[in-house]
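Participant: This is the structure I want to talk about, given as structure tokens.
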Amino acid sequence: MPEIETFTDSAGWAEACAARLTAALADALAETGKAVFAGSGGSTPSPIYARMAAAPLDWSRVAVTLIDERYVPESSPESNAALIRRTLMTGPAAAARFVPLYRPAVTVDRAAALAAHALAAVAPRLDAVLLGMGEDGHICSMFPDSPTLKTLLTPTLPPTVLGVPAGRNGRAPSLERLSINLPYVMAARRVVLALTGAKKRAVFEREAAGDPAVQPIAALLANNVPLEVIWTEKA
Ligand SMILES: O=C1O[C@H](COP(=O)(O)O)[C@@H](O)[C@H](O)[C@H]1O
């Protein structure tokens with residue numbers, strides 16, 4: 001079980017997450033002259049993004065992408081791209097280049113192939129990754145019960161982006177999705193998992209000990225992803 005770094009205040013939690021991620025981007029900029037950040041969507045990361053946006057990085061040399069996306073255009077309130085543009089890519093950070101996962105293609109699988117191609121051109125390796133986790137244990141768009149889960153969790157594939165179908169019979173996800181796969185996370189320079197709330201902490205602790213073939217968190221740990229788990233009771 002990895003250490004869960006615990007913060008009693010949400011500001012300290014957001015600050016700690018942002019500091020780890022921007023330090024990884026600064027290291028990459030110093031070593032290679034460029035850096036790639038992949039962020040999560042959902043309700044958790046906005047305070048982290050607000051703090052990252054204030055970091056004194058040369059954002060013009062940073063590429064920003066997503067760990068997963070709903071298969072919707074940026075005009076949709078479900079769009080993770082819209083969230084990250086609004087909360088991270090502001091002020092000096094607006095100079096960063098955004099690499100979207102969503103593409104208005106004929107199918108979600110075709111869109112995933114186009115996104116994988118675009119991402120590979122700028123990011124054979126991600127320098128800083130911010131993961132979130134749903135209360136059902138999904139990370140990225142690796143949903144328990146999804147037919148794409150096994151492929152997304154196969155550690156021997158090359159890093160790529162895959163289409164994820166909507167769940168059937170009321171199961172998550174409600175929309176088609178796009179997701180990076182486990183090898184992208186495994187190859188990353190630094191990976192932060194930002195958790196909030198007692199329920200997610202309990203899910204994490206339970207899933208960490210689970211079957212890596214069907215539980216994303218267990219798969220990350222089994223494949224030695226250097227996960228930095230940072231938790232606070234309330235965001
Ligand atoms: O659908 C998603 O959910 C997870 C968790 O979201 P949250 O609202 O519980 O913070 C998120 O990490 C992922 O990027 C997003 O697409």
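In the structure tokens, the first chain shown is A, the next is B, and so on; residue numbers restart at 1 for each chain, and ligands run from 1 in the order shown.
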Can you list every residue of range 44-149 of chain A that has an atom at most 6 Å from range 184-194 of chain A, with its nearest atom pair and the distance in Å to one decimal, using only C-alpha atoms, ordered by chain then number, as a tab-separated table?
Facilitator:
```
residue	atom	partner	partner_atom	distance
A:Arg125	CA	A:Ala188	CA	6.0
A:Leu126	CA	A:Ala188	CA	4.8
A:Asp127	CA	A:Arg189	CA	4.7
A:Ala128	CA	A:Arg190	CA	5.0
A:Val129	CA	A:Val191	CA	4.8
A:Leu130	CA	A:Val192	CA	5.1
A:Leu131	CA	A:Leu193	CA	4.7
A:Gly132	CA	A:Ala194	CA	5.5
```
Participant: Please write the residues from the selection above to a file, keeping C-alpha atoms, as a PDB file, in the first residue's frame.
Facilitator:
```
ATOM      1  CA  ARG A 125       6.558  10.572 -22.709  1.00  0.00           C
ATOM      2  CA  LEU A 126       4.429  12.591 -20.297  1.00  0.00           C
ATOM      3  CA  ASP A 127       6.414  14.638 -17.778  1.00  0.00           C
ATOM      4  CA  ALA A 128       3.703  15.334 -15.226  1.00  0.00           C
ATOM      5  CA  VAL A 129       0.401  13.490 -14.882  1.00  0.00           C
ATOM      6  CA  LEU A 130      -2.478  14.454 -12.629  1.00  0.00           C
ATOM      7  CA  LEU A 131      -4.859  11.566 -12.011  1.00  0.00           C
ATOM      8  CA  GLY A 132      -8.233  11.691 -10.317  1.00  0.00           C
TER       9      GLY A 132
END
```
Participant: Using only C-alpha atoms and all ligand atoms, find each residue with an atom at most 6 Å away from ligand 1 and format the answer as a list in words.
Facilitator: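 So the residues close to ligand 1 are Ser40, Gly41, Gly42, Ser43, Thr44, Asp68, Glu69, Leu131, Gly132, Met133, Gly134, Ile139 and Cys140 of chain A.
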Participant: Select from range 30-170 of chain A everything DSSP, run on the backbone, classes as helix (DSSP H, G or I), then give the selection as a VMD selection string.
Facilitator: chain A and resid 30 to 32 46 to 53 59 to 61 80 to 87 91 to 95 108 to 122 149 to 152
Participant: Would you write out those residues with C-alpha atoms, as a short mmCIF file (atom, residue, chain, number, x, y, z; two decimals), in the first residue's frame?
Facilitator:
```cif
data_model
loop_
_atom_site.label_atom_id
_atom_site.label_comp_id
_atom_site.auth_asym_id
_atom_site.auth_seq_id
_atom_site.Cartn_x
_atom_site.Cartn_y
_atom_site.Cartn_z
CA ALA A 30 15.63 22.27 -17.71
CA GLU A 31 16.63 18.89 -19.14
CA THR A 32 14.98 18.88 -22.56
CA SER A 46 -9.81 23.04 -10.55
CA PRO A 47 -8.06 24.35 -7.38
CA ILE A 48 -4.90 22.50 -8.42
CA TYR A 49 -5.01 24.02 -11.90
CA ALA A 50 -5.53 27.50 -10.47
CA ARG A 51 -2.29 27.13 -8.52
CA MET A 52 -0.35 25.56 -11.39
CA ALA A 53 -1.35 28.45 -13.65
CA TRP A 59 4.59 27.97 -20.58
CA SER A 60 5.29 28.59 -24.26
CA ARG A 61 7.41 25.41 -24.17
CA ASN A 80 -12.64 18.10 -19.92
CA ALA A 81 -10.86 20.23 -22.54
CA ALA A 82 -13.09 23.19 -21.72
CA LEU A 83 -12.36 22.68 -18.01
CA ILE A 84 -8.59 22.65 -18.40
CA ARG A 85 -8.58 25.60 -20.78
CA ARG A 86 -10.70 27.61 -18.33
CA THR A 87 -8.84 26.74 -15.13
CA GLY A 91 -2.63 34.16 -17.64
CA PRO A 92 0.94 33.14 -18.56
CA ALA A 93 -0.16 29.49 -18.81
CA ALA A 94 -2.35 30.45 -21.78
CA ALA A 95 0.88 30.35 -23.80
CA VAL A 108 -14.72 7.46 -31.11
CA ASP A 109 -12.12 4.85 -32.11
CA ARG A 110 -11.07 6.91 -35.13
CA ALA A 111 -10.91 10.00 -32.91
CA ALA A 112 -8.70 8.06 -30.47
CA ALA A 113 -6.35 7.05 -33.29
CA LEU A 114 -6.06 10.67 -34.42
CA ALA A 115 -5.43 11.82 -30.85
CA ALA A 116 -2.81 9.09 -30.31
CA HIS A 117 -1.00 10.22 -33.45
CA ALA A 118 -1.06 13.90 -32.43
CA LEU A 119 0.05 13.10 -28.89
CA ALA A 120 2.90 10.85 -30.01
CA ALA A 121 4.22 13.71 -32.15
CA VAL A 122 4.58 15.99 -29.11
CA LEU A 149 -10.54 -2.12 -19.62
CA LYS A 150 -8.34 -5.12 -20.36
CA THR A 151 -6.70 -3.38 -23.32
CA LEU A 152 -6.28 -0.11 -21.43
#
```
Participant: Any chance you could list, as a list in words, the residues in range 115-212 of chain A that come up strand (DSSP E or B) when DSSP is run on the backbone?
Facilitator: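 Secondary structure check on range 115-212 of chain A, strand (DSSP E or B): Ala128, Val129, Leu130, Leu131, Ile139, Met142, Val161, Leu162, Gly163, Val164, Arg177, Leu178, Ser179, Ile180, Arg190, Val191, Val192, Leu193, Ala194, Leu195 and Thr196 of chain A.
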Participant: Output the selection as a PDB file, in the first residue's frame - C-alpha atoms for each residue.
Facilitator:
```
ATOM      1  CA  ALA A 128       3.703  15.334 -15.226  1.00  0.00           C
ATOM      2  CA  VAL A 129       0.401  13.490 -14.882  1.00  0.00           C
ATOM      3  CA  LEU A 130      -2.478  14.454 -12.629  1.00  0.00           C
ATOM      4  CA  LEU A 131      -4.859  11.566 -12.011  1.00  0.00           C
ATOM      5  CA  ILE A 139      -9.009   6.462 -13.200  1.00  0.00           C
ATOM      6  CA  MET A 142     -10.588   2.962 -17.205  1.00  0.00           C
ATOM      7  CA  VAL A 161      -5.101   6.648 -26.696  1.00  0.00           C
ATOM      8  CA  LEU A 162      -8.132   4.363 -26.946  1.00  0.00           C
ATOM      9  CA  GLY A 163     -11.840   4.878 -27.503  1.00  0.00           C
ATOM     10  CA  VAL A 164     -14.095   3.713 -24.666  1.00  0.00           C
ATOM     11  CA  ARG A 177     -14.822   8.419 -23.873  1.00  0.00           C
ATOM     12  CA  LEU A 178     -11.192   8.669 -24.905  1.00  0.00           C
ATOM     13  CA  SER A 179      -8.437   7.583 -22.533  1.00  0.00           C
ATOM     14  CA  ILE A 180      -4.684   7.246 -22.380  1.00  0.00           C
ATOM     15  CA  ARG A 190       5.871  12.051 -12.179  1.00  0.00           C
ATOM     16  CA  VAL A 191       2.316  10.917 -11.358  1.00  0.00           C
ATOM     17  CA  VAL A 192       0.113  12.547  -8.733  1.00  0.00           C
ATOM     18  CA  LEU A 193      -3.206  11.018  -7.690  1.00  0.00           C
ATOM     19  CA  ALA A 194      -5.337  13.749  -6.107  1.00  0.00           C
ATOM     20  CA  LEU A 195      -8.058  12.358  -3.855  1.00  0.00           C
ATOM     21  CA  THR A 196     -10.739  14.061  -1.805  1.00  0.00           C
TER      22      THR A 196
END
```
Participant: How far is it from CA of Ala123 in chain A to CA of Leu29 in chain A, in Å with one decimal?
Facilitator: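 Going from CA of Ala123 in chain A over to CA of Leu29 in chain A, I get 13.3 Å.
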Participant: My list of candidates is A:Leu101, A:Val203, A:Met1, A:Val214. Which is closest to Ser146 in chain A when distances are computed with only C-alpha atoms?
Facilitator: A:Val214
